[in-house]
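Structure data (TSV, C-alpha atoms and all ligand atoms) from my_file26.tsv:
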chain	number	residue	atom	x	y	z
O	5	MET	CA	105.07	106.11	41.41
O	6	SER	CA	108.61	105.26	40.35
O	7	GLU	CA	109.62	103.42	37.17
O	8	ARG	CA	111.29	100.79	39.35
O	9	PHE	CA	108.04	100.23	41.20
O	10	LYS	CA	106.03	99.94	37.98
O	11	ARG	CA	108.43	97.36	36.55
O	12	LEU	CA	108.34	95.24	39.72
O	13	ALA	CA	104.56	95.59	40.08
O	14	ASP	CA	104.07	94.43	36.47
O	15	SER	CA	106.28	91.38	36.88
O	16	LEU	CA	104.58	90.43	40.15
O	17	ALA	CA	101.12	90.95	38.68
O	18	GLU	CA	102.07	88.61	35.83
O	19	LYS	CA	102.69	85.93	38.44
O	20	GLY	CA	99.27	86.59	39.94
O	21	VAL	CA	100.54	88.49	42.99
O	22	ASP	CA	98.01	91.12	44.16
O	23	VAL	CA	100.35	94.10	44.41
O	24	ASN	CA	97.78	96.39	46.02
O	25	ALA	CA	97.14	93.85	48.73
O	26	VAL	CA	100.90	93.60	49.32
O	27	LEU	CA	101.16	97.39	49.61
O	28	THR	CA	98.24	97.49	52.02
O	29	ARG	CA	99.93	94.92	54.24
O	30	LEU	CA	103.28	96.71	54.10
O	31	LYS	CA	101.60	99.90	55.25
O	32	ALA	CA	99.77	98.07	58.03
O	33	GLN	CA	102.90	96.38	59.40
O	34	VAL	CA	103.60	97.53	62.97
O	35	ILE	CA	106.78	96.97	64.97
O	36	GLU	CA	107.12	98.00	68.61
O	37	LEU	CA	110.32	99.79	69.54
O	38	PRO	CA	112.08	98.70	72.73
O	39	SER	CA	112.54	101.73	74.98
O	40	TRP	CA	115.74	100.19	76.36
O	41	ALA	CA	117.40	100.11	72.93
O	42	VAL	CA	117.86	103.88	72.81
O	43	GLY	CA	119.66	103.90	76.15
O	44	ASN	CA	123.26	102.92	76.77
O	45	SER	CA	124.12	99.24	76.74
O	46	GLY	CA	127.02	96.86	76.42
O	47	THR	CA	128.04	93.37	77.34
O	48	ARG	CA	128.37	91.91	80.80
O	49	TYR	CA	132.00	93.06	80.67
O	50	GLY	CA	131.24	96.72	80.22
O	51	THR	CA	128.90	99.38	78.95
O	52	PHE	CA	129.85	101.62	76.07
O	53	ARG	CA	128.41	105.08	76.44
O	54	GLU	CA	127.06	106.81	73.41
O	55	GLU	CA	126.96	110.57	73.21
O	56	GLY	CA	123.33	111.68	73.20
O	57	SER	CA	121.84	108.38	74.34
O	58	ALA	CA	118.50	108.54	76.13
O	59	ARG	CA	118.74	109.04	79.90
O	60	THR	CA	115.09	108.99	80.94
O	61	ILE	CA	111.79	107.58	79.77
O	62	TRP	CA	111.00	111.03	78.38
O	63	ASP	CA	114.17	110.98	76.24
O	64	LYS	CA	113.24	107.49	75.09
O	65	ILE	CA	109.84	108.69	73.92
O	66	ASP	CA	111.49	111.57	72.05
O	67	ASP	CA	113.85	109.16	70.29
O	68	CYS	CA	111.10	106.67	69.42
O	69	ALA	CA	109.01	109.52	68.01
O	70	GLU	CA	111.95	110.46	65.78
O	71	ILE	CA	112.25	106.83	64.65
O	72	GLN	CA	108.54	106.77	63.87
O	73	ARG	CA	108.91	109.99	61.87
O	74	VAL	CA	111.26	108.31	59.40
O	75	LEU	CA	109.67	104.83	59.34
O	76	GLY	CA	105.94	105.35	59.78
O	77	ILE	CA	105.31	101.78	60.99
O	78	THR	CA	106.64	102.07	64.55
O	79	PRO	CA	104.02	104.07	66.48
O	80	VAL	CA	104.40	101.96	69.64
O	81	MET	CA	107.12	101.92	72.30
O	82	ALA	CA	107.55	98.77	74.39
O	83	SER	CA	108.54	99.52	77.96
O	84	HIS	CA	110.69	97.78	80.56
O	85	VAL	CA	109.83	98.31	84.22
O	86	ALA	CA	113.48	97.78	85.20
O	87	TRP	CA	114.64	100.85	83.35
O	88	ASP	CA	111.64	103.05	82.56
O	89	VAL	CA	111.20	104.51	86.00
O	90	THR	CA	109.46	107.83	86.48
O	91	GLU	CA	110.45	110.37	89.11
O	92	ASP	CA	107.27	109.84	91.16
O	93	GLY	CA	106.21	106.27	90.24
O	94	GLN	CA	103.22	107.56	88.24
O	95	TYR	CA	102.76	106.44	84.65
O	96	ALA	CA	99.67	108.24	83.35
O	97	PRO	CA	101.92	111.21	82.40
O	98	VAL	CA	104.02	108.79	80.32
O	99	ARG	CA	100.98	107.82	78.31
O	100	LYS	CA	100.08	111.48	77.88
O	101	TYR	CA	103.56	112.51	76.78
O	102	ALA	CA	103.78	109.57	74.37
O	103	GLU	CA	100.42	110.49	72.85
O	104	GLU	CA	101.57	114.07	72.38
O	105	LYS	CA	104.48	112.65	70.40
O	106	GLY	CA	102.22	110.39	68.33
O	107	LEU	CA	103.09	107.17	70.16
O	108	LYS	CA	101.35	104.52	72.23
O	109	ILE	CA	102.96	102.47	74.96
O	110	GLY	CA	103.05	98.79	74.01
O	111	THR	CA	104.22	95.71	75.85
O	112	VAL	CA	105.21	96.23	79.46
O	113	HIS	CA	108.05	94.00	80.69
O	114	PRO	CA	108.29	93.24	84.43
O	115	ASP	CA	111.68	93.16	86.12
O	116	VAL	CA	112.60	89.84	87.71
O	117	PHE	CA	116.36	90.01	87.35
O	118	SER	CA	117.94	93.27	88.43
O	119	ARG	CA	117.49	93.22	92.23
O	120	GLN	CA	119.57	91.64	94.98
O	121	GLU	CA	116.52	89.67	96.14
O	122	TYR	CA	116.60	87.64	92.94
O	123	ILE	CA	119.83	85.77	93.65
O	124	PHE	CA	118.00	82.40	93.62
O	125	GLY	CA	115.31	83.56	91.20
O	126	SER	CA	112.08	85.51	91.55
O	127	ILE	CA	108.79	83.62	91.48
O	128	CYS	CA	110.66	80.32	91.51
O	129	SER	CA	112.94	81.33	94.38
O	130	PRO	CA	113.00	78.90	97.32
O	131	LYS	CA	112.54	81.94	99.60
O	132	PRO	CA	108.84	82.62	100.26
O	133	GLU	CA	109.46	86.31	100.96
O	134	VAL	CA	111.11	86.76	97.55
O	135	ARG	CA	108.17	85.06	95.85
O	136	GLU	CA	105.82	87.36	97.71
O	137	PHE	CA	107.90	90.39	96.76
O	138	THR	CA	107.76	89.31	93.10
O	139	LYS	CA	104.00	88.86	93.20
O	140	GLN	CA	103.62	92.38	94.56
O	141	HIS	CA	105.83	93.57	91.72
O	142	PHE	CA	103.56	91.80	89.22
O	143	LEU	CA	100.52	93.55	90.65
O	144	ASP	CA	102.35	96.84	90.33
O	145	CYS	CA	103.24	96.04	86.71
O	146	VAL	CA	99.55	95.62	85.94
O	147	ARG	CA	98.95	99.07	87.48
O	148	VAL	CA	101.81	100.52	85.43
O	149	ALA	CA	100.43	98.92	82.24
O	150	ARG	CA	96.95	100.29	82.99
O	151	GLU	CA	98.26	103.78	83.61
O	152	MET	CA	100.27	103.75	80.39
O	153	GLY	CA	97.33	102.37	78.40
O	154	SER	CA	99.16	99.16	77.56
O	155	LYS	CA	97.27	95.93	76.88
O	156	VAL	CA	100.18	93.50	76.84
O	157	ILE	CA	102.50	92.24	79.57
O	158	GLY	CA	105.69	90.58	78.31
O	159	MET	CA	106.98	88.15	80.90
O	160	TRP	CA	110.50	86.84	80.75
O	161	VAL	CA	111.16	84.69	83.82
O	162	ALA	CA	114.89	84.98	84.38
O	163	ASP	CA	114.88	82.20	86.97
O	164	GLY	CA	116.95	79.04	87.03
O	165	THR	CA	119.64	77.17	88.93
O	166	ASN	CA	123.38	76.85	88.45
O	167	TYR	CA	124.08	73.45	90.00
O	168	PRO	CA	122.50	69.99	90.12
O	169	GLY	CA	120.95	69.51	93.54
O	170	GLN	CA	120.61	73.24	94.21
O	171	ASP	CA	116.80	73.12	94.33
O	172	SER	CA	113.87	70.86	93.53
O	173	LEU	CA	113.05	71.33	89.86
O	174	ARG	CA	109.46	70.16	90.27
O	175	GLU	CA	108.87	72.48	93.18
O	176	ARG	CA	110.25	75.34	91.11
O	177	LYS	CA	107.74	74.47	88.39
O	178	HIS	CA	104.89	74.66	90.92
O	179	ARG	CA	106.13	78.02	92.22
O	180	LEU	CA	106.39	79.26	88.64
O	181	TYR	CA	102.76	78.50	87.93
O	182	GLU	CA	101.60	79.97	91.21
O	183	GLY	CA	103.44	83.24	90.51
O	184	LEU	CA	102.31	83.54	86.90
O	185	LYS	CA	98.74	82.89	87.98
O	186	VAL	CA	98.86	85.88	90.31
O	187	LEU	CA	99.93	88.01	87.37
O	188	TYR	CA	97.41	86.52	84.96
O	189	ASP	CA	94.50	86.86	87.39
O	190	ALA	CA	95.37	90.48	88.14
O	191	MET	CA	95.29	91.47	84.46
O	192	ASP	CA	92.24	93.14	82.93
O	193	GLU	CA	90.01	91.09	80.64
O	194	ASP	CA	91.36	92.87	77.57
O	195	MET	CA	95.02	92.35	78.47
O	196	LYS	CA	97.26	89.68	76.99
O	197	LEU	CA	100.17	87.95	78.73
O	198	VAL	CA	103.04	86.85	76.49
O	199	ILE	CA	105.53	84.45	78.05
O	200	GLU	CA	109.09	84.34	76.80
O	201	TYR	CA	111.51	81.40	76.98
O	202	LYS	CA	115.27	81.26	76.96
O	203	PRO	CA	117.59	78.23	77.17
O	204	PHE	CA	120.28	79.72	79.40
O	205	GLU	CA	121.43	82.87	81.19
O	206	PRO	CA	121.44	84.33	83.79
O	207	PHE	CA	121.43	80.76	85.18
O	208	PHE	CA	123.18	77.93	83.41
O	209	TYR	CA	122.21	74.52	84.74
O	210	THR	CA	118.45	74.90	84.48
O	211	THR	CA	116.20	77.70	83.32
O	212	ASP	CA	112.64	77.59	84.62
O	213	ILE	CA	111.14	78.41	81.22
O	214	ALA	CA	113.81	77.07	78.91
O	215	ASP	CA	111.91	76.46	75.68
O	216	TRP	CA	108.65	77.01	73.83
O	217	GLY	CA	107.15	73.80	75.21
O	218	MET	CA	107.57	74.96	78.80
O	219	SER	CA	106.18	78.35	77.91
O	220	MET	CA	103.18	76.86	76.11
O	221	LEU	CA	102.52	74.51	79.01
O	222	MET	CA	102.25	77.47	81.39
O	223	CYS	CA	100.08	79.41	78.93
O	224	ASN	CA	97.70	76.49	78.56
O	225	LYS	CA	97.36	76.19	82.32
O	226	LEU	CA	96.78	79.92	82.76
O	227	GLY	CA	94.09	80.60	80.19
O	228	GLU	CA	93.42	81.79	76.70
O	229	ARG	CA	94.88	85.28	77.14
O	230	ALA	CA	98.33	83.80	77.75
O	231	LYS	CA	100.44	83.16	74.65
O	232	VAL	CA	104.03	82.30	73.81
O	233	LEU	CA	106.55	85.03	73.06
O	234	VAL	CA	109.35	83.99	70.72
O	235	ASP	CA	112.59	85.92	71.11
O	236	LEU	CA	114.69	85.05	68.08
O	237	GLY	CA	117.89	85.25	70.11
O	238	HIS	CA	116.74	82.68	72.64
O	239	HIS	CA	117.49	79.52	70.70
O	240	LEU	CA	120.40	77.15	70.62
O	241	PRO	CA	122.33	77.03	67.33
O	242	GLY	CA	120.62	74.97	64.65
O	243	VAL	CA	117.09	75.24	66.04
O	244	ASN	CA	114.53	75.71	63.29
O	245	ILE	CA	112.60	78.72	64.61
O	246	GLU	CA	110.13	78.84	61.74
O	247	GLN	CA	108.96	75.35	62.56
O	248	ILE	CA	108.32	76.42	66.16
O	249	ILE	CA	106.39	79.38	64.76
O	250	SER	CA	104.25	77.25	62.49
O	251	THR	CA	103.44	74.89	65.37
O	252	LEU	CA	102.48	77.75	67.67
O	253	LEU	CA	100.41	79.38	64.93
O	254	ASP	CA	98.54	76.17	64.30
O	255	GLU	CA	97.78	75.85	68.01
O	256	ASN	CA	96.75	79.54	68.25
O	257	MET	CA	99.52	80.00	70.80
O	258	LEU	CA	101.80	82.56	69.16
O	259	GLY	CA	101.54	85.83	71.09
O	260	GLY	CA	104.51	87.84	69.97
O	261	PHE	CA	108.06	88.26	68.83
O	262	HIS	CA	111.21	89.81	70.09
O	263	MET	CA	113.21	90.32	66.93
O	264	ASN	CA	116.99	90.52	66.94
O	265	ASN	CA	120.00	88.74	65.56
O	266	ARG	CA	120.37	85.37	67.19
O	267	ARG	CA	124.16	85.17	66.96
O	268	TYR	CA	124.49	86.93	70.27
O	269	ALA	CA	122.62	84.10	72.03
O	270	ASP	CA	120.42	86.81	73.44
O	271	ASP	CA	118.56	89.89	72.46
O	272	ASP	CA	121.24	92.20	71.21
O	273	LEU	CA	122.40	93.13	67.72
O	274	ILE	CA	120.60	94.24	64.60
O	275	THR	CA	117.89	91.94	63.28
O	276	GLY	CA	118.15	90.78	59.70
O	277	THR	CA	121.90	91.28	59.44
O	278	VAL	CA	123.22	87.73	59.81
O	279	ASN	CA	119.74	86.21	59.77
O	280	PRO	CA	117.77	87.68	56.83
O	281	MET	CA	116.72	84.20	55.71
O	282	ASP	CA	115.40	83.31	59.19
O	283	LEU	CA	113.27	86.44	59.31
O	284	PHE	CA	111.93	85.83	55.82
O	285	LEU	CA	111.00	82.22	56.57
O	286	ILE	CA	109.30	83.21	59.82
O	287	TYR	CA	107.17	85.78	58.00
O	288	LYS	CA	106.45	83.17	55.35
O	289	GLU	CA	104.98	80.80	57.95
O	290	ILE	CA	102.84	83.59	59.42
O	291	ILE	CA	101.50	84.71	56.04
O	292	ASP	CA	100.89	81.10	54.97
O	293	ALA	CA	98.86	80.50	58.12
O	294	GLU	CA	96.91	83.73	57.75
O	295	GLN	CA	96.10	82.93	54.14
O	296	ASP	CA	94.87	79.51	55.27
O	297	GLY	CA	92.44	81.27	57.60
O	298	VAL	CA	94.38	80.87	60.87
O	299	LYS	CA	93.52	83.78	63.20
O	300	THR	CA	96.57	85.62	64.53
O	301	ASP	CA	97.13	88.22	67.21
O	302	ILE	CA	100.88	88.75	67.17
O	303	THR	CA	102.76	91.58	68.83
O	304	TYR	CA	105.94	92.28	66.89
O	305	MET	CA	108.70	93.93	68.89
O	306	LEU	CA	112.37	94.50	68.54
O	307	ASP	CA	114.38	93.38	71.56
O	308	GLN	CA	117.84	94.75	71.00
O	309	SER	CA	120.43	96.97	72.42
O	310	HIS	CA	123.17	98.54	70.42
O	311	ASN	CA	126.69	98.19	71.62
O	312	ILE	CA	128.94	99.56	68.90
O	313	GLU	CA	126.58	101.20	66.38
O	314	PRO	CA	124.63	104.40	67.03
O	315	SER	CA	121.47	103.08	68.70
O	316	ILE	CA	118.86	104.98	66.75
O	317	GLU	CA	120.48	104.06	63.44
O	318	GLY	CA	120.64	100.42	64.55
O	319	ILE	CA	116.94	100.44	65.36
O	320	ILE	CA	115.93	102.11	62.11
O	321	TYR	CA	118.03	99.65	60.16
O	322	SER	CA	116.46	96.71	62.03
O	323	VAL	CA	112.96	97.81	61.12
O	324	MET	CA	114.04	98.27	57.50
O	325	ASN	CA	115.35	94.71	57.51
O	326	ALA	CA	112.07	93.45	58.95
O	327	GLN	CA	110.21	95.30	56.21
O	328	THR	CA	112.38	93.69	53.57
O	329	ALA	CA	111.82	90.22	55.00
O	330	TYR	CA	108.08	90.80	55.24
O	331	ALA	CA	107.81	92.13	51.67
O	332	ARG	CA	109.75	89.16	50.31
O	333	ALA	CA	107.49	86.76	52.19
O	334	LEU	CA	104.38	88.53	50.90
O	335	ILE	CA	105.34	88.14	47.24
O	336	ILE	CA	105.91	84.38	47.27
O	337	ASP	CA	104.00	82.88	44.36
O	338	ARG	CA	101.82	80.71	46.58
O	339	THR	CA	99.72	79.25	43.76
O	340	ALA	CA	102.80	77.96	42.00
O	341	LEU	CA	104.19	76.76	45.31
O	342	LYS	CA	101.07	74.71	46.03
O	343	GLU	CA	101.26	73.17	42.56
O	344	ALA	CA	104.92	72.28	43.03
O	345	GLN	CA	104.18	70.71	46.41
O	346	GLU	CA	101.34	68.67	44.96
O	347	ALA	CA	103.62	67.48	42.17
O	348	TYR	CA	106.28	66.48	44.78
O	349	ASP	CA	108.61	68.89	42.99
O	350	VAL	CA	111.14	69.42	45.76
O	351	VAL	CA	113.57	71.58	43.83
O	352	GLY	CA	110.83	73.55	42.07
O	353	ALA	CA	109.09	74.33	45.37
O	354	ASN	CA	112.26	75.54	47.01
O	355	LYS	CA	113.12	77.66	43.98
O	356	ILE	CA	109.77	79.45	44.17
O	357	VAL	CA	110.50	80.38	47.78
O	358	MET	CA	114.04	81.46	46.93
O	359	ASP	CA	112.89	83.50	43.93
O	360	ALA	CA	110.88	85.64	46.31
O	361	PHE	CA	113.82	85.91	48.70
O	362	ASN	CA	116.10	86.95	45.85
O	363	THR	CA	113.73	89.63	44.51
O	364	ASP	CA	114.68	93.26	45.07
O	365	VAL	CA	111.58	94.41	46.96
O	366	GLN	CA	112.85	97.90	47.76
O	367	PRO	CA	110.65	99.59	45.12
O	368	LEU	CA	107.59	98.09	46.84
O	369	ILE	CA	108.71	99.27	50.25
O	370	GLU	CA	109.56	102.71	48.92
O	371	GLU	CA	106.10	102.96	47.39
O	372	ALA	CA	104.58	102.01	50.74
O	373	ARG	CA	106.65	104.76	52.40
O	374	ILE	CA	105.41	107.31	49.88
O	375	GLU	CA	101.81	106.24	50.51
O	376	LEU	CA	102.45	106.49	54.26
O	377	GLY	CA	103.36	110.13	53.67
O	378	LEU	CA	107.02	109.91	54.76
O	379	SER	CA	109.22	112.80	53.74
O	380	ASP	CA	111.96	110.53	52.35
O	381	THR	CA	111.86	106.95	51.07
O	382	ASP	CA	115.24	106.24	52.69
O	383	PRO	CA	114.69	106.27	56.50
O	384	LEU	CA	118.38	106.23	57.38
O	385	ARG	CA	119.14	109.20	55.14
O	386	ASN	CA	116.07	110.95	56.50
O	387	TYR	CA	117.33	110.41	60.05
O	388	ARG	CA	120.91	111.44	59.29
O	389	GLN	CA	119.76	114.65	57.64
O	390	GLY	CA	117.01	115.44	60.14
O	391	GLY	CA	119.13	117.04	62.89
O	392	HIS	CA	117.91	114.85	65.79
O	393	ALA	CA	121.31	113.20	66.30
O	394	GLU	CA	123.14	116.52	66.63
O	395	ARG	CA	120.44	117.90	68.88
O	396	ILE	CA	120.55	115.03	71.38
O	397	ARG	CA	124.35	114.95	71.34
O	398	LYS	CA	124.39	118.58	72.35
O	399	GLU	CA	121.56	118.38	74.86
O	400	ARG	CA	122.35	115.08	76.55
O	401	GLY	CA	126.09	114.62	76.24
O	402	PHE	CA	127.72	111.47	77.57
O	403	ASP	CA	125.26	110.68	80.35
O	404	GLY	CA	127.65	112.14	82.91
O	405	ILE	CA	130.65	110.00	82.09
O	406	ASN	CA	133.58	110.94	79.96
O	407	THR	CA	134.74	107.61	78.59
O	408	LEU	CA	138.24	108.91	77.89
O	409	GLY	CA	138.69	109.61	81.56
O	410	GLY	CA	139.20	113.37	81.23
I	1	LIG	C1	116.00	88.64	78.26
I	1	LIG	O1	117.18	88.24	77.73
I	1	LIG	C2	115.16	89.50	77.35
I	1	LIG	O2	115.07	88.92	76.09
I	1	LIG	C3	113.83	89.76	77.93
I	1	LIG	O3	112.89	90.02	76.92
I	1	LIG	C4	114.08	90.96	78.71
I	1	LIG	O4	112.96	91.49	79.24
I	1	LIG	C5	114.80	91.76	77.65
I	1	LIG	O5	115.71	90.78	77.18
I	1	LIG	C6	115.45	93.00	78.04
I	1	LIG	O6	116.83	92.90	78.15
I	2	MN	MN	113.46	89.26	74.76
Transcribe the structure of this file into structure tokens.
Ligand code: PSV
Ligand code: MN
Amino acid sequence: MSERFKRLADSLAEKGVDVNAVLTRLKAQVIELPSWAVGNSGTRYGTFREEGSARTIWDKIDDCAEIQRVLGITPVMASHVAWDVTEDGQYAPVRKYAEEKGLKIGTVHPDVFSRQEYIFGSICSPKPEVREFTKQHFLDCVRVAREMGSKVIGMWVADGTNYPGQDSLRERKHRLYEGLKVLYDAMDEDMKLVIEYKPFEPFFYTTDIADWGMSMLMCNKLGERAKVLVDLGHHLPGVNIEQIISTLLDENMLGGFHMNNRRYADDDLITGTVNPMDLFLIYKEIIDAEQDGVKTDITYMLDQSHNIEPSIEGIIYSVMNAQTAYARALIIDRTALKEAQEAYDVVGANKIVMDAFNTDVQPLIEEARIELGLSDTDPLRNYRQGGHAERIRKERGFDGINTLGG
């Protein structure tokens, strides 16, 4: 136990914060790693290739296992059907290999965007044969999830239109429900469907599930195992995400998160870099609700790709930022906050929240890492000194392409 930790623990205890309970929650925090984040990525203008980046689902599992080694709270890899293909279409071996590496497979994401058929959308397409094709894909995704031992399907419907008049918006809504129902009905009783929303891209006039209201509407129609997935990047500037979260929590409709940095207007870039306050306030709403007795079943995932930073470092750093935000939200002096609210003390209430945000919580997180049995309290240093980066650079190279043209 470090001196720094003792000092912080004493000052928190003085405020009535249960430090042991905070440590327990920090150790129990789980964040799913997106398999796609350890592969190459870029922008729509080009892909930057990273030496040593994962080429196959097996490489991805190896990299996620290394990330889990240094963090201890990421024992789950989320998978994307578009990119995590196996040589023979079988997925039970993936589960087995992941288990050997100490991992589970988490949320499975269907692919409704990467094929030629999807030019006018997938389940909302005006073409019946494309809708049928998509439904068959959904059924296959349930098989894939079963084989990998996953209990969650993460559905982002990439559909939309580009021009007024292009299609009937109400008919698209009917097709959407019909398609999602096929997926929902095919799922096992113990599986959860989380439905993501996004205001624009890849279509720009309408998006068939553009916001949390449209997502929640579909979930409500489908049944109680369908919940809303909030991707932090999928909001227009100025939207108050934590208010959406608190509404969904109160309605028992929050199913999961895709964490990232919302500046990109999508899912790329390191979470908690430009948005540490957002992350903190989101965790605050979740902890507030849980402490008020609201039941939660939230799947926390990163949804990022790393364009200019080394991917594995970017992922490790993202999880560290999420840990910081979570720890800060856990130590809010909620008794004092309640008193300030009841006294209509606007400034006082805000200051209590900000005091937690401004506290250096690293000693708490380091203590949690020690108790988790990690070999170093600094995950980035642990990774940089561990030899994995050199190993994969040597073994995998530049994924077949020399970016300098030689
Ligand atoms: C779409 O932008 C999205 O956020 C969805 O979650 C996809 O499945 C994911 O990104 C992968 O790129
Ligand atoms: Mn996403």
Point (99.9, 87.7, 69.3) neighbourhood (12 Å, only C-alpha atoms) written as a short mmCIF file (atom, residue, chain, number, x, y, z; two decimals) with C-alpha atoms, in the coordinates of the input:
data_model
loop_
_atom_site.label_atom_id
_atom_site.label_comp_id
_atom_site.auth_asym_id
_atom_site.auth_seq_id
_atom_site.Cartn_x
_atom_site.Cartn_y
_atom_site.Cartn_z
CA THR O 111 104.22 95.71 75.85
CA LYS O 155 97.27 95.93 76.88
CA VAL O 156 100.18 93.50 76.84
CA ILE O 157 102.50 92.24 79.57
CA GLY O 158 105.69 90.58 78.31
CA MET O 195 95.02 92.35 78.47
CA LYS O 196 97.26 89.68 76.99
CA LEU O 197 100.17 87.95 78.73
CA VAL O 198 103.04 86.85 76.49
CA ILE O 199 105.53 84.45 78.05
CA GLU O 228 93.42 81.79 76.70
CA ARG O 229 94.88 85.28 77.14
CA ALA O 230 98.33 83.80 77.75
CA LYS O 231 100.44 83.16 74.65
CA VAL O 232 104.03 82.30 73.81
CA LEU O 233 106.55 85.03 73.06
CA VAL O 234 109.35 83.99 70.72
CA ILE O 249 106.39 79.38 64.76
CA LEU O 252 102.48 77.75 67.67
CA LEU O 253 100.41 79.38 64.93
CA ASN O 256 96.75 79.54 68.25
CA MET O 257 99.52 80.00 70.80
CA LEU O 258 101.80 82.56 69.16
CA GLY O 259 101.54 85.83 71.09
CA GLY O 260 104.51 87.84 69.97
CA PHE O 261 108.06 88.26 68.83
CA HIS O 262 111.21 89.81 70.09
CA ILE O 290 102.84 83.59 59.42
CA LYS O 299 93.52 83.78 63.20
CA THR O 300 96.57 85.62 64.53
CA ASP O 301 97.13 88.22 67.21
CA ILE O 302 100.88 88.75 67.17
CA THR O 303 102.76 91.58 68.83
CA TYR O 304 105.94 92.28 66.89
CA MET O 305 108.70 93.93 68.89
#
List all protein, DNA and RNA residues that have any atom at most 7 Å from ligand MN 2 (chain I), counting only C-alpha atoms and all ligand atoms, and write the list as a PyMOL selection string. chain O and resi 200+235+262+271+307
Each residue of chain O lying at most 8 Å from ligand LIG 1 (chain I) should get a row with its shortest atom-to-atom pair and the distance in Å to one decimal, counting all atoms listed in the file; could you produce that, ordered by chain and increasing number, as a Markdown table?
| residue | atom | partner | partner_atom | distance |
| --- | --- | --- | --- | --- |
| O:Trp40 | CA | I:LIG1 | C6 | 7.4 |
| O:His84 | CA | I:LIG1 | O4 | 6.8 |
| O:His113 | CA | I:LIG1 | O4 | 5.7 |
| O:Pro114 | CA | I:LIG1 | O4 | 7.2 |
| O:Asp115 | CA | I:LIG1 | O4 | 7.2 |
| O:Gly158 | CA | I:LIG1 | O3 | 7.4 |
| O:Met159 | CA | I:LIG1 | O4 | 7.0 |
| O:Trp160 | CA | I:LIG1 | C3 | 5.3 |
| O:Ala162 | CA | I:LIG1 | C1 | 7.2 |
| O:Glu200 | CA | I:LIG1 | O3 | 6.8 |
| O:Lys202 | CA | I:LIG1 | O1 | 7.3 |
| O:Glu205 | CA | I:LIG1 | O1 | 7.7 |
| O:Asp235 | CA | I:LIG1 | O2 | 6.3 |
| O:Gly237 | CA | I:LIG1 | O2 | 7.6 |
| O:His238 | CA | I:LIG1 | O2 | 7.3 |
| O:His262 | CA | I:LIG1 | O3 | 7.0 |
| O:Asp270 | CA | I:LIG1 | O1 | 5.6 |
| O:Asp271 | CA | I:LIG1 | O2 | 5.1 |
| O:Asp307 | CA | I:LIG1 | C5 | 6.3 |
| O:Gln308 | CA | I:LIG1 | O6 | 7.5 |
| O:Ser309 | CA | I:LIG1 | O6 | 7.9 |
Of the listed residues O:Ile356, O:Glu104, O:Ala82, O:Tyr209, that which approaches Tyr167 (chain O) most closely, counting all atoms listed in the file: O:Tyr209
Contacts of region 8-21 of chain O at 10 Å (all atoms listed in the file; same-chain gap of 5+ positions) as a CSV table (one decimal) with C-alpha atoms, in the coordinates of the input:
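Generated file (part.csv):
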chain,number,residue,atom,x,y,z
O,26,VAL,CA,100.9,93.6,49.3
O,334,LEU,CA,104.4,88.5,50.9
O,335,ILE,CA,105.3,88.1,47.2
O,336,ILE,CA,105.9,84.4,47.3
O,337,ASP,CA,104.0,82.9,44.4
O,338,ARG,CA,101.8,80.7,46.6
O,339,THR,CA,99.7,79.2,43.8
O,340,ALA,CA,102.8,78.0,42.0
O,363,THR,CA,113.7,89.6,44.5
O,364,ASP,CA,114.7,93.3,45.1
O,365,VAL,CA,111.6,94.4,47.0
O,366,GLN,CA,112.8,97.9,47.8
O,367,PRO,CA,110.6,99.6,45.1
O,368,LEU,CA,107.6,98.1,46.8
O,369,ILE,CA,108.7,99.3,50.2
O,370,GLU,CA,109.6,102.7,48.9
O,371,GLU,CA,106.1,103.0,47.4
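Comparing the minimum interatomic distances between Gln345 (chain O) and each of O:Met222, O:Ile71, O:Val357, O:Leu306, counting only C-alpha atoms, we find that O:Val357 sits nearest.
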Region 145-162 of chain O: axis-aligned bounding box, 6 Å on each side, centre and edge lengths in Å, one decimal, as lines of an AutoDock Vina configuration file:
center_x = 105.9
center_y = 94.2
center_z = 82.2
size_x = 29.9
size_y = 31.1
size_z = 22.6
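With CA of Asp272 (chain O) on one side and CA of Ser315 (chain O) on the other, the separation reads 11.2 Å.
If you look at CA of Asn224 (chain O) and CA of Val186 (chain O), they are 15.1 Å away from each other.
In this structure, CA of Cys223 (chain O) sits 9.8 Å away from CA of Lys185 (chain O).
Take the candidates O:Thr60, O:Asn264, O:Asn311, O:Asn325 and check each one against Phe284 (chain O) using all atoms listed in the file; the shortest distance goes to O:Asn325.
Of the residues under consideration (O:Ala58, O:Cys128, O:Ala149, O:Cys68), O:Ala149 shows the shortest atom-to-atom contact distance to Ala96 (chain O) when counting only C-alpha atoms.
Between His392 (chain O) and the residues O:Val34, O:Met152, O:Met281, O:Ala69, the shortest atom-to-atom distance, using only C-alpha atoms, involves O:Ala69.
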Near Val243 (chain O), within 12 Å and counting only C-alpha atoms, which residues show up once chain neighbours fewer than 6 positions away are dropped, as a PyMOL selection string? chain O and resi 203+215-216+236-237+249+266+282
